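Asks: Handing you a structure now.
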Amino acid sequence: SGVKSILIERLTSSSSSATDSPIIATLDKEAAKDVDAGALSNLPPKAKRTRTRKKKSSLELISQSTSNKKPPQAPSSVVDCLPRTRERQLQSAHDDSGTNLFIIGVDEAGRGPLAGPVVAAAAIVPTNIAGVIDSKKITKEEERERLYEKLVASPGIRYAVAIVNAQRIDEINILQATLEGMRMAVEGVMNIDGGGRSGRQKEDEEEDNFASAERKELSYVITGGGNTTTTPGKRSTNNNNLLNDNSSSSYQALIDGNKIPPSMPCPSESLIKGDGREYCIGAASILAKVTRDRLMHEYDVKYPEYSLSRHKGYGTAAHMSAVREFGASPIHRRTFAPLKHMEIDEDGKIVG
């Protein structure tokens, strides 16, 4: 019709604008459909070419983006170990002294649990072992066990582990018990292969050089290693000669956390989150954690009602339920909540 022709001319004209919309409003529905179809079929060739170019351009971009993508790479299965940043700094500063500097990493395991000992480890570990990181980040127990065995068998290692039981923790509080254990462990490392002990003392210590759930001492130390070693960045040396000659060797401890135990036998410094920053501390954390876990498995045999091998003494819901039912065992820490708020008799039964 005449109205359709006028509208099509306006739509196809380059001078058309939105002010023409009242004409569309006057058309009936059928006419508007016809106009729509007619307008689209009569669009200028230039507009059609523009649409085609845009579509082609998009396809080209998609193709180009796909061709630039790199094929996915399989994740590396090799886990590196922690660096020796602070250890090397200390040894570099010590190079001109004419003595050998041994860096002792120190860490603990078991400060938080409701039951069992707190365990502190100190270690000199000359050999880099892949996978040695903060033990808390090694979630599989069998992997921690594997690394423990590699560490204690590594060339030149010297380590000591101090076990401080629940009764001692209740006597002096958990912080002091932890610091005491750290000091004992460092002393243990420094006394390996001599340290002025008599032959009888050495024999007695060798007989008792094991961690066990059957031991009744408030605290004790076990040691290992003491073979020929190569200190990182230094010549090969023999530990027996070095440790019996105080003029040729010295020690410094790197301790995880923000506190240094009192009466330390050597210069010491603390490193916050050191178990995730420094190799020797990470190694000590694995030694402490595995030693404690093994003890908790033994305690689980003695006190099966608490399922200690599952939660390692931490205050889980299942553990607390067992305490309410069976009372406290001899390895439960009476000064830890909620036990400290309970009335417990000599046999460990909760009476109030």
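In the structure tokens, chains take letters A, B, ... by order of appearance, with residues numbered from 1 within each chain and ligands from 1 in the order shown.
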Residues at most 8 Å from A:Ala213, counting only C-alpha atoms, excluding those fewer than 3 positions away in the same chain, as a PyMOL selection string?
Replies: chain A and resi 295-296+298-299
Asks: Save the residues we just selected, all heavy atoms, as an mmCIF file, in the first residue's frame?
Replies:
data_model
loop_
_atom_site.group_PDB
_atom_site.id
_atom_site.type_symbol
_atom_site.label_atom_id
_atom_site.label_comp_id
_atom_site.auth_asym_id
_atom_site.auth_seq_id
_atom_site.Cartn_x
_atom_site.Cartn_y
_atom_site.Cartn_z
ATOM 1 N N LEU A 295 54.538 -43.392 68.488
ATOM 2 C CA LEU A 295 54.194 -43.553 69.905
ATOM 3 C C LEU A 295 52.679 -43.636 70.104
ATOM 4 O O LEU A 295 52.186 -44.459 70.895
ATOM 5 C CB LEU A 295 54.761 -42.390 70.721
ATOM 6 C CG LEU A 295 56.265 -42.423 71.000
ATOM 7 C CD1 LEU A 295 56.722 -41.112 71.609
ATOM 8 C CD2 LEU A 295 56.621 -43.591 71.917
ATOM 9 N N MET A 296 51.933 -42.808 69.365
ATOM 10 C CA MET A 296 50.479 -42.820 69.516
ATOM 11 C C MET A 296 49.874 -44.129 69.016
ATOM 12 O O MET A 296 48.857 -44.596 69.557
ATOM 13 C CB MET A 296 49.857 -41.619 68.804
ATOM 14 C CG MET A 296 50.268 -40.264 69.372
ATOM 15 S SD MET A 296 50.123 -40.138 71.185
ATOM 16 C CE MET A 296 48.345 -40.183 71.402
ATOM 17 N N GLU A 298 51.386 -46.972 69.405
ATOM 18 C CA GLU A 298 51.654 -47.877 70.533
ATOM 19 C C GLU A 298 50.666 -47.635 71.673
ATOM 20 O O GLU A 298 50.167 -48.585 72.289
ATOM 21 C CB GLU A 298 53.086 -47.677 71.031
ATOM 22 C CG GLU A 298 54.162 -48.167 70.068
ATOM 23 C CD GLU A 298 55.553 -48.060 70.683
ATOM 24 O OE1 GLU A 298 55.683 -48.217 71.920
ATOM 25 O OE2 GLU A 298 56.510 -47.811 69.925
ATOM 26 N N TYR A 299 50.411 -46.370 71.955
ATOM 27 C CA TYR A 299 49.446 -46.051 73.012
ATOM 28 C C TYR A 299 48.046 -46.552 72.646
ATOM 29 O O TYR A 299 47.255 -46.895 73.529
ATOM 30 C CB TYR A 299 49.404 -44.545 73.262
ATOM 31 C CG TYR A 299 50.569 -44.026 74.076
ATOM 32 C CD1 TYR A 299 51.386 -43.011 73.584
ATOM 33 C CD2 TYR A 299 50.837 -44.553 75.344
ATOM 34 C CE1 TYR A 299 52.455 -42.526 74.332
ATOM 35 C CE2 TYR A 299 51.895 -44.072 76.096
ATOM 36 C CZ TYR A 299 52.708 -43.057 75.588
ATOM 37 O OH TYR A 299 53.758 -42.595 76.336
#
Asks: Using only C-alpha atoms, I'd like a table of the residues in stretch 257-348 of chain A that come within 9 Å of stretch 172-195 of chain A; for each, show the closest atom pair and its distance in Å rounded to one decimal, ordered by chain and ascending number, as a Markdown table.
Replies:
| residue | atom | partner | partner_atom | distance |
| --- | --- | --- | --- | --- |
| A:Lys259 | CA | A:Leu179 | CA | 8.2 |
| A:Ile260 | CA | A:Leu179 | CA | 7.4 |
| A:Pro261 | CA | A:Leu179 | CA | 4.9 |
| A:Pro262 | CA | A:Leu179 | CA | 7.6 |
| A:Ser263 | CA | A:Arg183 | CA | 7.6 |
| A:Met264 | CA | A:Arg183 | CA | 5.8 |
| A:Pro265 | CA | A:Glu187 | CA | 6.5 |
| A:Cys266 | CA | A:Val186 | CA | 8.4 |
| A:Thr335 | CA | A:Asn173 | CA | 7.9 |
Asks: Generate a file of the selected residues that holds all heavy atoms, formatted as an mmCIF file, in the first residue's frame.
Replies:
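Saved the output as part35.cif:
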data_model
loop_
_atom_site.group_PDB
_atom_site.id
_atom_site.type_symbol
_atom_site.label_atom_id
_atom_site.label_comp_id
_atom_site.auth_asym_id
_atom_site.auth_seq_id
_atom_site.Cartn_x
_atom_site.Cartn_y
_atom_site.Cartn_z
ATOM 1 N N LYS A 259 59.996 -18.180 69.724
ATOM 2 C CA LYS A 259 60.626 -18.207 71.045
ATOM 3 C C LYS A 259 61.883 -19.064 71.018
ATOM 4 O O LYS A 259 61.944 -20.081 70.318
ATOM 5 C CB LYS A 259 59.652 -18.747 72.102
ATOM 6 C CG LYS A 259 58.427 -17.868 72.310
ATOM 7 C CD LYS A 259 57.583 -18.355 73.461
ATOM 8 C CE LYS A 259 56.332 -17.499 73.615
ATOM 9 N NZ LYS A 259 56.631 -16.085 73.871
ATOM 10 N N ILE A 260 62.865 -18.636 71.804
ATOM 11 C CA ILE A 260 64.108 -19.390 71.965
ATOM 12 C C ILE A 260 64.119 -19.980 73.369
ATOM 13 O O ILE A 260 63.926 -19.253 74.354
ATOM 14 C CB ILE A 260 65.335 -18.491 71.751
ATOM 15 C CG1 ILE A 260 65.350 -17.962 70.316
ATOM 16 C CG2 ILE A 260 66.627 -19.251 72.051
ATOM 17 C CD1 ILE A 260 66.445 -16.961 70.036
ATOM 18 N N PRO A 261 64.328 -21.283 73.504
ATOM 19 C CA PRO A 261 64.350 -21.887 74.845
ATOM 20 C C PRO A 261 65.458 -21.278 75.706
ATOM 21 O O PRO A 261 66.530 -20.926 75.188
ATOM 22 C CB PRO A 261 64.639 -23.369 74.547
ATOM 23 C CG PRO A 261 64.198 -23.566 73.134
ATOM 24 C CD PRO A 261 64.483 -22.282 72.434
ATOM 25 N N PRO A 262 65.223 -21.160 76.998
ATOM 26 C CA PRO A 262 66.275 -20.654 77.889
ATOM 27 C C PRO A 262 67.410 -21.671 78.019
ATOM 28 O O PRO A 262 67.210 -22.872 77.824
ATOM 29 C CB PRO A 262 65.550 -20.461 79.225
ATOM 30 C CG PRO A 262 64.377 -21.378 79.156
ATOM 31 C CD PRO A 262 63.976 -21.447 77.717
ATOM 32 N N SER A 263 68.598 -21.163 78.345
ATOM 33 C CA SER A 263 69.779 -22.006 78.614
ATOM 34 C C SER A 263 70.158 -22.879 77.421
ATOM 35 O O SER A 263 70.574 -24.033 77.596
ATOM 36 C CB SER A 263 69.536 -22.888 79.855
ATOM 37 O OG SER A 263 69.171 -22.105 80.966
ATOM 38 N N MET A 264 70.027 -22.344 76.226
ATOM 39 C CA MET A 264 70.437 -23.109 75.054
ATOM 40 C C MET A 264 71.962 -23.305 75.053
ATOM 41 O O MET A 264 72.715 -22.401 75.434
ATOM 42 C CB MET A 264 70.009 -22.388 73.779
ATOM 43 C CG MET A 264 68.525 -22.502 73.490
ATOM 44 S SD MET A 264 68.023 -24.184 73.058
ATOM 45 C CE MET A 264 68.642 -24.303 71.382
ATOM 46 N N PRO A 265 72.436 -24.476 74.605
ATOM 47 C CA PRO A 265 73.873 -24.761 74.641
ATOM 48 C C PRO A 265 74.662 -24.144 73.488
ATOM 49 O O PRO A 265 75.880 -24.329 73.409
ATOM 50 C CB PRO A 265 73.910 -26.290 74.569
ATOM 51 C CG PRO A 265 72.683 -26.647 73.790
ATOM 52 C CD PRO A 265 71.636 -25.641 74.197
ATOM 53 N N CYS A 266 73.978 -23.440 72.572
ATOM 54 C CA CYS A 266 74.661 -22.824 71.438
ATOM 55 C C CYS A 266 73.882 -21.585 71.005
ATOM 56 O O CYS A 266 72.716 -21.425 71.392
ATOM 57 C CB CYS A 266 74.798 -23.805 70.273
ATOM 58 S SG CYS A 266 73.215 -24.275 69.538
ATOM 59 N N THR A 335 45.572 -30.681 82.451
ATOM 60 C CA THR A 335 45.499 -29.217 82.460
ATOM 61 C C THR A 335 44.941 -28.646 81.161
ATOM 62 O O THR A 335 44.876 -27.426 80.997
ATOM 63 C CB THR A 335 46.901 -28.619 82.705
ATOM 64 O OG1 THR A 335 47.819 -29.143 81.728
ATOM 65 C CG2 THR A 335 47.393 -28.952 84.098
#
Asks: Using DSSP on the backbone, list every residue of stretch 78-320 of chain A that comes out as helix (DSSP H, G or I), and give them as a ChimeraX atom specification.
Replies: /A:85-97,135-137,141-152,166-172,174-190,199-207,239-244,274-276,279-302,304-306,308-311,317-320
Asks: To one decimal in Å, tell me the separation between atom CA of A:Ile222 and atom CA of A:Ala121.
Replies: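 Interatomic distance, atom CA of A:Ile222 to atom CA of A:Ala121: 9.5 Å.
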Asks: Between A:Val132, A:Ile255, A:Met320, A:Leu114, which is the closest to A:Leu271 once you count only C-alpha atoms?
Replies: A:Ile255
Asks: Interatomic distance between atom CA of A:Ala328 and atom CA of A:Gly348?
Replies: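 Between atom CA of A:Ala328 and atom CA of A:Gly348 the gap is 4.6 Å.
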Asks: With only C-alpha atoms as the counted atoms, please give the residues lying no more than 8 Å from stretch 148-151 of chain A, apart from itself and same-chain residues fewer than 5 positions off, as a PDB file with N, CA, C and O atoms, in the first residue's frame.
Replies:
ATOM      1  N   VAL A 125      71.418 -32.047  58.897  1.00  0.00           N
ATOM      2  CA  VAL A 125      71.137 -32.906  57.737  1.00  0.00           C
ATOM      3  C   VAL A 125      71.898 -32.364  56.518  1.00  0.00           C
ATOM      4  O   VAL A 125      71.423 -31.469  55.829  1.00  0.00           O
ATOM      5  N   ILE A 129      67.159 -34.036  50.423  1.00  0.00           N
ATOM      6  CA  ILE A 129      66.259 -35.142  50.097  1.00  0.00           C
ATOM      7  C   ILE A 129      64.969 -34.562  49.540  1.00  0.00           C
ATOM      8  O   ILE A 129      64.299 -33.756  50.194  1.00  0.00           O
ATOM      9  N   ILE A 157      73.968 -37.484  58.692  1.00  0.00           N
ATOM     10  CA  ILE A 157      72.927 -36.919  59.563  1.00  0.00           C
ATOM     11  C   ILE A 157      73.281 -37.136  61.036  1.00  0.00           C
ATOM     12  O   ILE A 157      73.902 -38.138  61.419  1.00  0.00           O
ATOM     13  N   ALA A 283      63.170 -30.802  58.040  1.00  0.00           N
ATOM     14  CA  ALA A 283      63.622 -32.166  58.334  1.00  0.00           C
ATOM     15  C   ALA A 283      63.340 -32.517  59.790  1.00  0.00           C
ATOM     16  O   ALA A 283      62.855 -33.620  60.105  1.00  0.00           O
ATOM     17  N   ILE A 286      59.693 -33.417  60.424  1.00  0.00           N
ATOM     18  CA  ILE A 286      59.329 -34.779  60.009  1.00  0.00           C
ATOM     19  C   ILE A 286      59.782 -35.791  61.062  1.00  0.00           C
ATOM     20  O   ILE A 286      59.032 -36.717  61.427  1.00  0.00           O
ATOM     21  N   LEU A 287      60.998 -35.622  61.584  1.00  0.00           N
ATOM     22  CA  LEU A 287      61.500 -36.531  62.619  1.00  0.00           C
ATOM     23  C   LEU A 287      60.609 -36.480  63.864  1.00  0.00           C
ATOM     24  O   LEU A 287      60.296 -37.517  64.452  1.00  0.00           O
ATOM     25  N   VAL A 290      56.853 -38.014  62.974  1.00  0.00           N
ATOM     26  CA  VAL A 290      56.801 -39.475  62.799  1.00  0.00           C
ATOM     27  C   VAL A 290      57.064 -40.179  64.133  1.00  0.00           C
ATOM     28  O   VAL A 290      56.397 -41.173  64.460  1.00  0.00           O
TER      29      VAL A 290
END
Asks: Taking 3 positions as the minimum chain separation for residues in the same chain, which residues sit within 8 Å of stretch 306-311 of chain A when counting only C-alpha atoms? Answer as a ChimeraX atom specification.
Replies: /A:293,296-297,299-300,303,314-316,319,322-323
Asks: Fewer than 6 positions away in the same chain doesn't count, so skip those; otherwise give me all residues within 7 Å of A:Val118, counting only C-alpha atoms, as a PyMOL selection string.
Replies: chain A and resi 109-111+163-165+178
Asks: Identify which of the residues A:Asp95, A:Glu325, A:Asp107, A:Asp80 lies closest to A:Ala130, counting only C-alpha atoms when measuring atom-to-atom distances.
Replies: A:Asp80
